[in-house]
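Source file entry18.pdb; content: PDB, N, CA and C atoms.
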ATOM      1  N   MET N 659       3.820   7.451 -16.243
ATOM      2  CA  MET N 659       4.983   7.189 -15.424
ATOM      3  C   MET N 659       6.173   6.980 -16.360
ATOM      4  N   GLN N 660       7.285   7.574 -16.015
ATOM      5  CA  GLN N 660       8.441   7.518 -16.890
ATOM      6  C   GLN N 660       9.687   7.238 -16.068
ATOM      7  N   ILE N 661      10.474   6.275 -16.533
ATOM      8  CA  ILE N 661      11.739   5.924 -15.894
ATOM      9  C   ILE N 661      12.842   6.142 -16.918
ATOM     10  N   ILE N 662      13.874   6.822 -16.529
ATOM     11  CA  ILE N 662      14.985   7.101 -17.434
ATOM     12  C   ILE N 662      16.078   6.060 -17.209
ATOM     13  N   VAL N 663      16.514   5.428 -18.292
ATOM     14  CA  VAL N 663      17.596   4.447 -18.231
ATOM     15  C   VAL N 663      18.903   5.189 -18.452
ATOM     16  N   ARG N 664      19.779   5.112 -17.474
ATOM     17  CA  ARG N 664      21.064   5.817 -17.569
ATOM     18  C   ARG N 664      22.174   4.802 -17.815
ATOM     19  N   ASP N 665      23.062   5.098 -18.714
ATOM     20  CA  ASP N 665      24.239   4.274 -19.019
ATOM     21  C   ASP N 665      23.858   2.832 -19.338
ATOM     22  N   ASN N 666      22.746   2.632 -20.033
ATOM     23  CA  ASN N 666      22.260   1.292 -20.400
ATOM     24  C   ASN N 666      22.091   0.380 -19.187
ATOM     25  N   ASN N 667      21.840   0.942 -18.020
ATOM     26  CA  ASN N 667      21.671   0.158 -16.800
ATOM     27  C   ASN N 667      20.171  -0.141 -16.621
ATOM     28  N   VAL N 668      19.730  -1.209 -17.299
ATOM     29  CA  VAL N 668      18.312  -1.557 -17.289
ATOM     30  C   VAL N 668      17.894  -2.102 -15.928
ATOM     31  N   ASP N 669      18.803  -2.818 -15.256
ATOM     32  CA  ASP N 669      18.462  -3.383 -13.943
ATOM     33  C   ASP N 669      18.122  -2.284 -12.944
ATOM     34  N   GLN N 670      18.896  -1.226 -12.944
ATOM     35  CA  GLN N 670      18.634  -0.111 -12.032
ATOM     36  C   GLN N 670      17.306   0.561 -12.382
ATOM     37  N   ALA N 671      17.029   0.696 -13.681
ATOM     38  CA  ALA N 671      15.771   1.310 -14.113
ATOM     39  C   ALA N 671      14.585   0.440 -13.707
ATOM     40  N   LEU N 672      14.736  -0.885 -13.826
ATOM     41  CA  LEU N 672      13.656  -1.793 -13.406
ATOM     42  C   LEU N 672      13.392  -1.669 -11.912
ATOM     43  N   ARG N 673      14.457  -1.581 -11.121
ATOM     44  CA  ARG N 673      14.279  -1.424  -9.671
ATOM     45  C   ARG N 673      13.526  -0.138  -9.360
ATOM     46  N   ALA N 674      13.881   0.928 -10.061
ATOM     47  CA  ALA N 674      13.211   2.214  -9.843
ATOM     48  C   ALA N 674      11.739   2.120 -10.239
ATOM     49  N   LEU N 675      11.453   1.435 -11.350
ATOM     50  CA  LEU N 675      10.068   1.270 -11.796
ATOM     51  C   LEU N 675       9.257   0.479 -10.780
ATOM     52  N   LYS N 676       9.820  -0.624 -10.302
ATOM     53  CA  LYS N 676       9.112  -1.453  -9.314
ATOM     54  C   LYS N 676       8.834  -0.662  -8.039
ATOM     55  N   LYS N 677       9.796   0.152  -7.629
ATOM     56  CA  LYS N 677       9.608   0.954  -6.422
ATOM     57  C   LYS N 677       8.482   1.967  -6.612
ATOM     58  N   LYS N 678       8.445   2.606  -7.801
ATOM     59  CA  LYS N 678       7.373   3.568  -8.077
ATOM     60  C   LYS N 678       6.010   2.882  -8.110
ATOM     61  N   LEU N 679       5.944   1.707  -8.753
ATOM     62  CA  LEU N 679       4.683   0.968  -8.812
ATOM     63  C   LEU N 679       4.227   0.567  -7.419
ATOM     64  N   GLN N 680       5.165   0.148  -6.580
ATOM     65  CA  GLN N 680       4.838  -0.239  -5.211
ATOM     66  C   GLN N 680       4.272   0.962  -4.450
ATOM     67  N   ARG N 681       4.922   2.125  -4.585
ATOM     68  CA  ARG N 681       4.464   3.329  -3.889
ATOM     69  C   ARG N 681       3.081   3.766  -4.353
ATOM     70  N   GLU N 682       2.810   3.595  -5.644
ATOM     71  CA  GLU N 682       1.523   4.005  -6.204
ATOM     72  C   GLU N 682       0.405   3.030  -5.836
ATOM     73  N   GLY N 683       0.744   1.842  -5.351
ATOM     74  CA  GLY N 683      -0.265   0.865  -4.978
ATOM     75  C   GLY N 683      -0.773   0.041  -6.151
ATOM     76  N   VAL N 684      -0.018  -0.025  -7.234
ATOM     77  CA  VAL N 684      -0.446  -0.755  -8.427
ATOM     78  C   VAL N 684      -0.502  -2.249  -8.142
ATOM     79  N   TYR N 685       0.500  -2.766  -7.415
ATOM     80  CA  TYR N 685       0.528  -4.201  -7.126
ATOM     81  C   TYR N 685      -0.668  -4.605  -6.266
ATOM     82  N   ARG N 686      -0.988  -3.783  -5.285
ATOM     83  CA  ARG N 686      -2.138  -4.076  -4.405
ATOM     84  C   ARG N 686      -3.430  -4.091  -5.225
ATOM     85  N   GLU N 687      -3.546  -3.107  -6.124
ATOM     86  CA  GLU N 687      -4.729  -3.008  -6.979
ATOM     87  C   GLU N 687      -4.853  -4.229  -7.893
ATOM     88  N   MET N 688      -3.730  -4.657  -8.456
ATOM     89  CA  MET N 688      -3.747  -5.838  -9.334
ATOM     90  C   MET N 688      -4.180  -7.075  -8.550
ATOM     91  N   LYS N 689      -3.685  -7.206  -7.340
ATOM     92  CA  LYS N 689      -4.034  -8.357  -6.510
ATOM     93  C   LYS N 689      -5.532  -8.356  -6.206
ATOM     94  N   LEU N 690      -6.083  -7.185  -5.909
ATOM     95  CA  LEU N 690      -7.503  -7.094  -5.595
ATOM     96  C   LEU N 690      -8.374  -7.392  -6.817
ATOM     97  N   ARG N 691      -7.914  -7.004  -7.991
ATOM     98  CA  ARG N 691      -8.710  -7.184  -9.202
ATOM     99  C   ARG N 691      -8.543  -8.554  -9.839
ATOM    100  N   ARG N 692      -7.699  -9.396  -9.278
ATOM    101  CA  ARG N 692      -7.474 -10.715  -9.859
ATOM    102  C   ARG N 692      -8.764 -11.539  -9.883
ATOM    103  N   HIS N 693      -9.582 -11.373  -8.841
ATOM    104  CA  HIS N 693     -10.862 -12.083  -8.746
ATOM    105  C   HIS N 693     -11.949 -11.072  -8.437
ATOM    106  N   TYR N 694     -13.167 -11.411  -8.814
ATOM    107  CA  TYR N 694     -14.291 -10.529  -8.527
ATOM    108  C   TYR N 694     -14.544 -10.519  -7.029
ATOM    109  N   GLU N 695     -14.810  -9.336  -6.515
ATOM    110  CA  GLU N 695     -15.126  -9.187  -5.100
ATOM    111  C   GLU N 695     -16.515  -8.575  -4.980
ATOM    112  N   LYS N 696     -17.405  -9.282  -4.277
ATOM    113  CA  LYS N 696     -18.755  -8.768  -4.105
ATOM    114  C   LYS N 696     -18.706  -7.443  -3.348
ATOM    115  N   PRO N 697     -19.644  -6.550  -3.634
ATOM    116  CA  PRO N 697     -19.659  -5.259  -2.937
ATOM    117  C   PRO N 697     -19.717  -5.409  -1.414
ATOM    118  N   SER N 698     -20.448  -6.407  -0.928
ATOM    119  CA  SER N 698     -20.527  -6.601   0.523
ATOM    120  C   SER N 698     -19.175  -7.034   1.082
ATOM    121  N   GLU N 699     -18.429  -7.865   0.328
ATOM    122  CA  GLU N 699     -17.096  -8.283   0.775
ATOM    123  C   GLU N 699     -16.143  -7.094   0.772
ATOM    124  N   LYS N 700     -16.286  -6.227  -0.219
ATOM    125  CA  LYS N 700     -15.427  -5.044  -0.304
ATOM    126  C   LYS N 700     -15.681  -4.125   0.887
ATOM    127  N   ARG N 701     -16.958  -3.907   1.206
ATOM    128  CA  ARG N 701     -17.295  -3.057   2.359
ATOM    129  C   ARG N 701     -16.736  -3.657   3.643
ATOM    130  N   ALA N 702     -16.883  -4.975   3.803
ATOM    131  CA  ALA N 702     -16.392  -5.623   5.020
ATOM    132  C   ALA N 702     -14.875  -5.502   5.119
ATOM    133  N   ARG N 703     -14.174  -5.677   3.993
ATOM    134  CA  ARG N 703     -12.709  -5.573   3.988
ATOM    135  C   ARG N 703     -12.275  -4.152   4.320
ATOM    136  N   GLU N 704     -12.925  -3.175   3.709
ATOM    137  CA  GLU N 704     -12.563  -1.787   3.977
ATOM    138  C   GLU N 704     -12.893  -1.386   5.411
ATOM    139  N   ARG N 705     -14.007  -1.876   5.942
ATOM    140  CA  ARG N 705     -14.375  -1.570   7.323
ATOM    141  C   ARG N 705     -13.352  -2.172   8.285
ATOM    142  N   ALA N 706     -12.931  -3.410   8.012
ATOM    143  CA  ALA N 706     -11.932  -4.063   8.865
ATOM    144  C   ALA N 706     -10.604  -3.304   8.809
ATOM    145  N   ALA N 707     -10.223  -2.830   7.618
ATOM    146  CA  ALA N 707      -8.988  -2.070   7.485
ATOM    147  C   ALA N 707      -9.082  -0.761   8.275
ATOM    148  N   ALA N 708     -10.234  -0.117   8.233
ATOM    149  CA  ALA N 708     -10.416   1.131   8.968
ATOM    150  C   ALA N 708     -10.316   0.886  10.474
ATOM    151  N   ILE N 709     -10.887  -0.216  10.942
ATOM    152  CA  ILE N 709     -10.808  -0.550  12.372
ATOM    153  C   ILE N 709      -9.364  -0.802  12.770
ATOM    154  N   ARG N 710      -8.621  -1.537  11.909
ATOM    155  CA  ARG N 710      -7.203  -1.795  12.207
ATOM    156  C   ARG N 710      -6.415  -0.492  12.278
ATOM    157  N   ARG N 711      -6.666   0.413  11.322
ATOM    158  CA  ARG N 711      -5.966   1.700  11.334
ATOM    159  C   ARG N 711      -6.292   2.490  12.597
ATOM    160  N   SER N 712      -7.567   2.479  12.974
ATOM    161  CA  SER N 712      -8.002   3.220  14.151
ATOM    162  C   SER N 712      -7.342   2.673  15.415
ATOM    163  N   ARG N 713      -7.322   1.351  15.556
ATOM    164  CA  ARG N 713      -6.696   0.744  16.734
ATOM    165  C   ARG N 713      -5.204   1.034  16.778
ATOM    166  N   LYS N 714      -4.568   1.004  15.601
ATOM    167  CA  LYS N 714      -3.134   1.284  15.546
ATOM    168  C   LYS N 714      -2.863   2.727  15.974
ATOM    169  N   MET N 715      -3.688   3.671  15.486
ATOM    170  CA  MET N 715      -3.513   5.068  15.886
ATOM    171  C   MET N 715      -3.741   5.242  17.380
ATOM    172  N   ASP N 716      -4.748   4.536  17.928
ATOM    173  CA  ASP N 716      -5.015   4.619  19.369
ATOM    174  C   ASP N 716      -3.823   4.113  20.179
ATOM    175  N   ARG N 717      -3.239   2.985  19.715
ATOM    176  CA  ARG N 717      -2.066   2.435  20.411
ATOM    177  C   ARG N 717      -0.911   3.431  20.366
ATOM    178  N   LYS N 718      -0.665   4.016  19.199
ATOM    179  CA  LYS N 718       0.437   4.976  19.076
ATOM    180  C   LYS N 718       0.180   6.207  19.933
ATOM    181  N   ARG N 719      -1.074   6.662  19.949
ATOM    182  CA  ARG N 719      -1.410   7.841  20.763
ATOM    183  C   ARG N 719      -1.223   7.530  22.244
ATOM    184  N   ALA N 720      -1.662   6.356  22.682
ATOM    185  CA  ALA N 720      -1.525   5.978  24.074
ATOM    186  C   ALA N 720      -0.045   5.822  24.449
ATOM    187  N   GLU N 721       0.732   5.259  23.533
ATOM    188  CA  GLU N 721       2.158   5.108  23.784
ATOM    189  C   GLU N 721       2.839   6.468  23.912
ATOM    190  N   ARG N 722       2.466   7.388  23.016
ATOM    191  CA  ARG N 722       3.056   8.726  23.031
ATOM    192  C   ARG N 722       2.645   9.478  24.299
ATOM    193  N   ASP N 723       1.374   9.400  24.667
ATOM    194  CA  ASP N 723       0.890  10.114  25.852
ATOM    195  C   ASP N 723       1.434   9.496  27.129
ATOM    196  N   GLY N 724       1.605   8.187  27.132
ATOM    197  CA  GLY N 724       2.124   7.500  28.326
ATOM    198  C   GLY N 724       3.593   7.763  28.525
ATOM    199  N   ALA N 725       4.321   8.092  27.467
ATOM    200  CA  ALA N 725       5.757   8.310  27.576
ATOM    201  C   ALA N 725       6.066   9.670  28.191
ATOM    202  N   ARG N 726       5.119  10.573  28.202
ATOM    203  CA  ARG N 726       5.361  11.923  28.728
ATOM    204  C   ARG N 726       5.389  11.967  30.208
TER
END

Target encoding structure tokens, full file:
Amino acid sequence: MQIIVRDNNVDQALRALKKKLQREGVYREMKLRRHYEKPSEKRARERAAAIRRSRKMDRKRAERDGAR
């Protein structure tokens, strides 16, 4: 990953770097790796996330279909 500093504007370059790291999911990964997570806990967390995503998609689909 490379950020170009223009006109010695380090603050702007830092903002761009943080935004790229956020988009790449580096902060989320660091948070998850801070402590050991048992494989069973990881599966449960991922399964719960999948259920949340599925319910959210169902709500959006129902909202879209109901609006027609």

Once you add 8 Å to each side, what are the centre and edge lengths of the axis-aligned box holding all listed atoms of region 706-719 of chain N? One decimal in Å, as JSON, if you can.
{"center_x": -6.2, "center_y": 1.9, "center_z": 14.9, "size_x": 29.4, "size_y": 27.9, "size_z": 30.8}

**Expected answer as a ChimeraX atom specification: helix (DSSP H, G or I) residues in chain N** = /N:668-682,684-691,697-725

Could you take the residues named above and write them with N, CA and C atoms, as a compact mmCIF listing (two decimals), in the coordinates of the input?
# COMPACT_ATOMS: atom_id res chain seq x y z
N VAL N 668 19.73 -1.21 -17.30
CA VAL N 668 18.31 -1.56 -17.29
C VAL N 668 17.89 -2.10 -15.93
N ASP N 669 18.80 -2.82 -15.26
CA ASP N 669 18.46 -3.38 -13.94
C ASP N 669 18.12 -2.28 -12.94
N GLN N 670 18.90 -1.23 -12.94
CA GLN N 670 18.63 -0.11 -12.03
C GLN N 670 17.31 0.56 -12.38
N ALA N 671 17.03 0.70 -13.68
CA ALA N 671 15.77 1.31 -14.11
C ALA N 671 14.58 0.44 -13.71
N LEU N 672 14.74 -0.88 -13.83
CA LEU N 672 13.66 -1.79 -13.41
C LEU N 672 13.39 -1.67 -11.91
N ARG N 673 14.46 -1.58 -11.12
CA ARG N 673 14.28 -1.42 -9.67
C ARG N 673 13.53 -0.14 -9.36
N ALA N 674 13.88 0.93 -10.06
CA ALA N 674 13.21 2.21 -9.84
C ALA N 674 11.74 2.12 -10.24
N LEU N 675 11.45 1.44 -11.35
CA LEU N 675 10.07 1.27 -11.80
C LEU N 675 9.26 0.48 -10.78
N LYS N 676 9.82 -0.62 -10.30
CA LYS N 676 9.11 -1.45 -9.31
C LYS N 676 8.83 -0.66 -8.04
N LYS N 677 9.80 0.15 -7.63
CA LYS N 677 9.61 0.95 -6.42
C LYS N 677 8.48 1.97 -6.61
N LYS N 678 8.44 2.61 -7.80
CA LYS N 678 7.37 3.57 -8.08
C LYS N 678 6.01 2.88 -8.11
N LEU N 679 5.94 1.71 -8.75
CA LEU N 679 4.68 0.97 -8.81
C LEU N 679 4.23 0.57 -7.42
N GLN N 680 5.16 0.15 -6.58
CA GLN N 680 4.84 -0.24 -5.21
C GLN N 680 4.27 0.96 -4.45
N ARG N 681 4.92 2.12 -4.58
CA ARG N 681 4.46 3.33 -3.89
C ARG N 681 3.08 3.77 -4.35
N GLU N 682 2.81 3.60 -5.64
CA GLU N 682 1.52 4.00 -6.20
C GLU N 682 0.40 3.03 -5.84
N VAL N 684 -0.02 -0.02 -7.23
CA VAL N 684 -0.45 -0.76 -8.43
C VAL N 684 -0.50 -2.25 -8.14
N TYR N 685 0.50 -2.77 -7.42
CA TYR N 685 0.53 -4.20 -7.13
C TYR N 685 -0.67 -4.61 -6.27
N ARG N 686 -0.99 -3.78 -5.28
CA ARG N 686 -2.14 -4.08 -4.40
C ARG N 686 -3.43 -4.09 -5.22
N GLU N 687 -3.55 -3.11 -6.12
CA GLU N 687 -4.73 -3.01 -6.98
C GLU N 687 -4.85 -4.23 -7.89
N MET N 688 -3.73 -4.66 -8.46
CA MET N 688 -3.75 -5.84 -9.33
C MET N 688 -4.18 -7.08 -8.55
N LYS N 689 -3.68 -7.21 -7.34
CA LYS N 689 -4.03 -8.36 -6.51
C LYS N 689 -5.53 -8.36 -6.21
N LEU N 690 -6.08 -7.18 -5.91
CA LEU N 690 -7.50 -7.09 -5.60
C LEU N 690 -8.37 -7.39 -6.82
N ARG N 691 -7.91 -7.00 -7.99
CA ARG N 691 -8.71 -7.18 -9.20
C ARG N 691 -8.54 -8.55 -9.84
N PRO N 697 -19.64 -6.55 -3.63
CA PRO N 697 -19.66 -5.26 -2.94
C PRO N 697 -19.72 -5.41 -1.41
N SER N 698 -20.45 -6.41 -0.93
CA SER N 698 -20.53 -6.60 0.52
C SER N 698 -19.18 -7.03 1.08
N GLU N 699 -18.43 -7.86 0.33
CA GLU N 699 -17.10 -8.28 0.78
C GLU N 699 -16.14 -7.09 0.77
N LYS N 700 -16.29 -6.23 -0.22
CA LYS N 700 -15.43 -5.04 -0.30
C LYS N 700 -15.68 -4.12 0.89
N ARG N 701 -16.96 -3.91 1.21
CA ARG N 701 -17.30 -3.06 2.36
C ARG N 701 -16.74 -3.66 3.64
N ALA N 702 -16.88 -4.97 3.80
CA ALA N 702 -16.39 -5.62 5.02
C ALA N 702 -14.88 -5.50 5.12
N ARG N 703 -14.17 -5.68 3.99
CA ARG N 703 -12.71 -5.57 3.99
C ARG N 703 -12.28 -4.15 4.32
N GLU N 704 -12.92 -3.18 3.71
CA GLU N 704 -12.56 -1.79 3.98
C GLU N 704 -12.89 -1.39 5.41
N ARG N 705 -14.01 -1.88 5.94
CA ARG N 705 -14.38 -1.57 7.32
C ARG N 705 -13.35 -2.17 8.28
N ALA N 706 -12.93 -3.41 8.01
CA ALA N 706 -11.93 -4.06 8.86
C ALA N 706 -10.60 -3.30 8.81
N ALA N 707 -10.22 -2.83 7.62
CA ALA N 707 -8.99 -2.07 7.48
C ALA N 707 -9.08 -0.76 8.28
N ALA N 708 -10.23 -0.12 8.23
CA ALA N 708 -10.42 1.13 8.97
C ALA N 708 -10.32 0.89 10.47
N ILE N 709 -10.89 -0.22 10.94
CA ILE N 709 -10.81 -0.55 12.37
C ILE N 709 -9.36 -0.80 12.77
N ARG N 710 -8.62 -1.54 11.91
CA ARG N 710 -7.20 -1.80 12.21
C ARG N 710 -6.42 -0.49 12.28
N ARG N 711 -6.67 0.41 11.32
CA ARG N 711 -5.97 1.70 11.33
C ARG N 711 -6.29 2.49 12.60
N SER N 712 -7.57 2.48 12.97
CA SER N 712 -8.00 3.22 14.15
C SER N 712 -7.34 2.67 15.42
N ARG N 713 -7.32 1.35 15.56
CA ARG N 713 -6.70 0.74 16.73
C ARG N 713 -5.20 1.03 16.78
N LYS N 714 -4.57 1.00 15.60
CA LYS N 714 -3.13 1.28 15.55
C LYS N 714 -2.86 2.73 15.97
N MET N 715 -3.69 3.67 15.49
CA MET N 715 -3.51 5.07 15.89
C MET N 715 -3.74 5.24 17.38
N ASP N 716 -4.75 4.54 17.93
CA ASP N 716 -5.01 4.62 19.37
C ASP N 716 -3.82 4.11 20.18
N ARG N 717 -3.24 2.98 19.72
CA ARG N 717 -2.07 2.44 20.41
C ARG N 717 -0.91 3.43 20.37
N LYS N 718 -0.66 4.02 19.20
CA LYS N 718 0.44 4.98 19.08
C LYS N 718 0.18 6.21 19.93
N ARG N 719 -1.07 6.66 19.95
CA ARG N 719 -1.41 7.84 20.76
C ARG N 719 -1.22 7.53 22.24
N ALA N 720 -1.66 6.36 22.68
CA ALA N 720 -1.52 5.98 24.07
C ALA N 720 -0.04 5.82 24.45
N GLU N 721 0.73 5.26 23.53
CA GLU N 721 2.16 5.11 23.78
C GLU N 721 2.84 6.47 23.91
N ARG N 722 2.47 7.39 23.02
CA ARG N 722 3.06 8.73 23.03
C ARG N 722 2.64 9.48 24.30
N ASP N 723 1.37 9.40 24.67
CA ASP N 723 0.89 10.11 25.85
C ASP N 723 1.43 9.50 27.13
N GLY N 724 1.60 8.19 27.13
CA GLY N 724 2.12 7.50 28.33
C GLY N 724 3.59 7.76 28.52
N ALA N 725 4.32 8.09 27.47
CA ALA N 725 5.76 8.31 27.58
C ALA N 725 6.07 9.67 28.19

**Request:** Find the residues near Met659 (chain N): any atom within 10 Å, counting only C-alpha atoms, skip ones fewer than 5 places away on the same chain, and give them as a PyMOL selection string.
**Result:** chain N and resi 675+678-679

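Each of N:Ile661, N:Met715, N:Leu690, N:Ala707 was compared to Ala674 (chain N) using only N, CA and C atoms, and N:Ile661 turns out to be the nearest.
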
**Request:** Go ahead and compute the interatomic distance for atom N of Glu721 (chain N) and atom N of Arg681 (chain N), in Å to one decimal.
**Result:** 28.6 Å

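One distance worth recording is that between atom N of Gly683 (chain N) and atom C of Gln660 (chain N), which is 15.0 Å.
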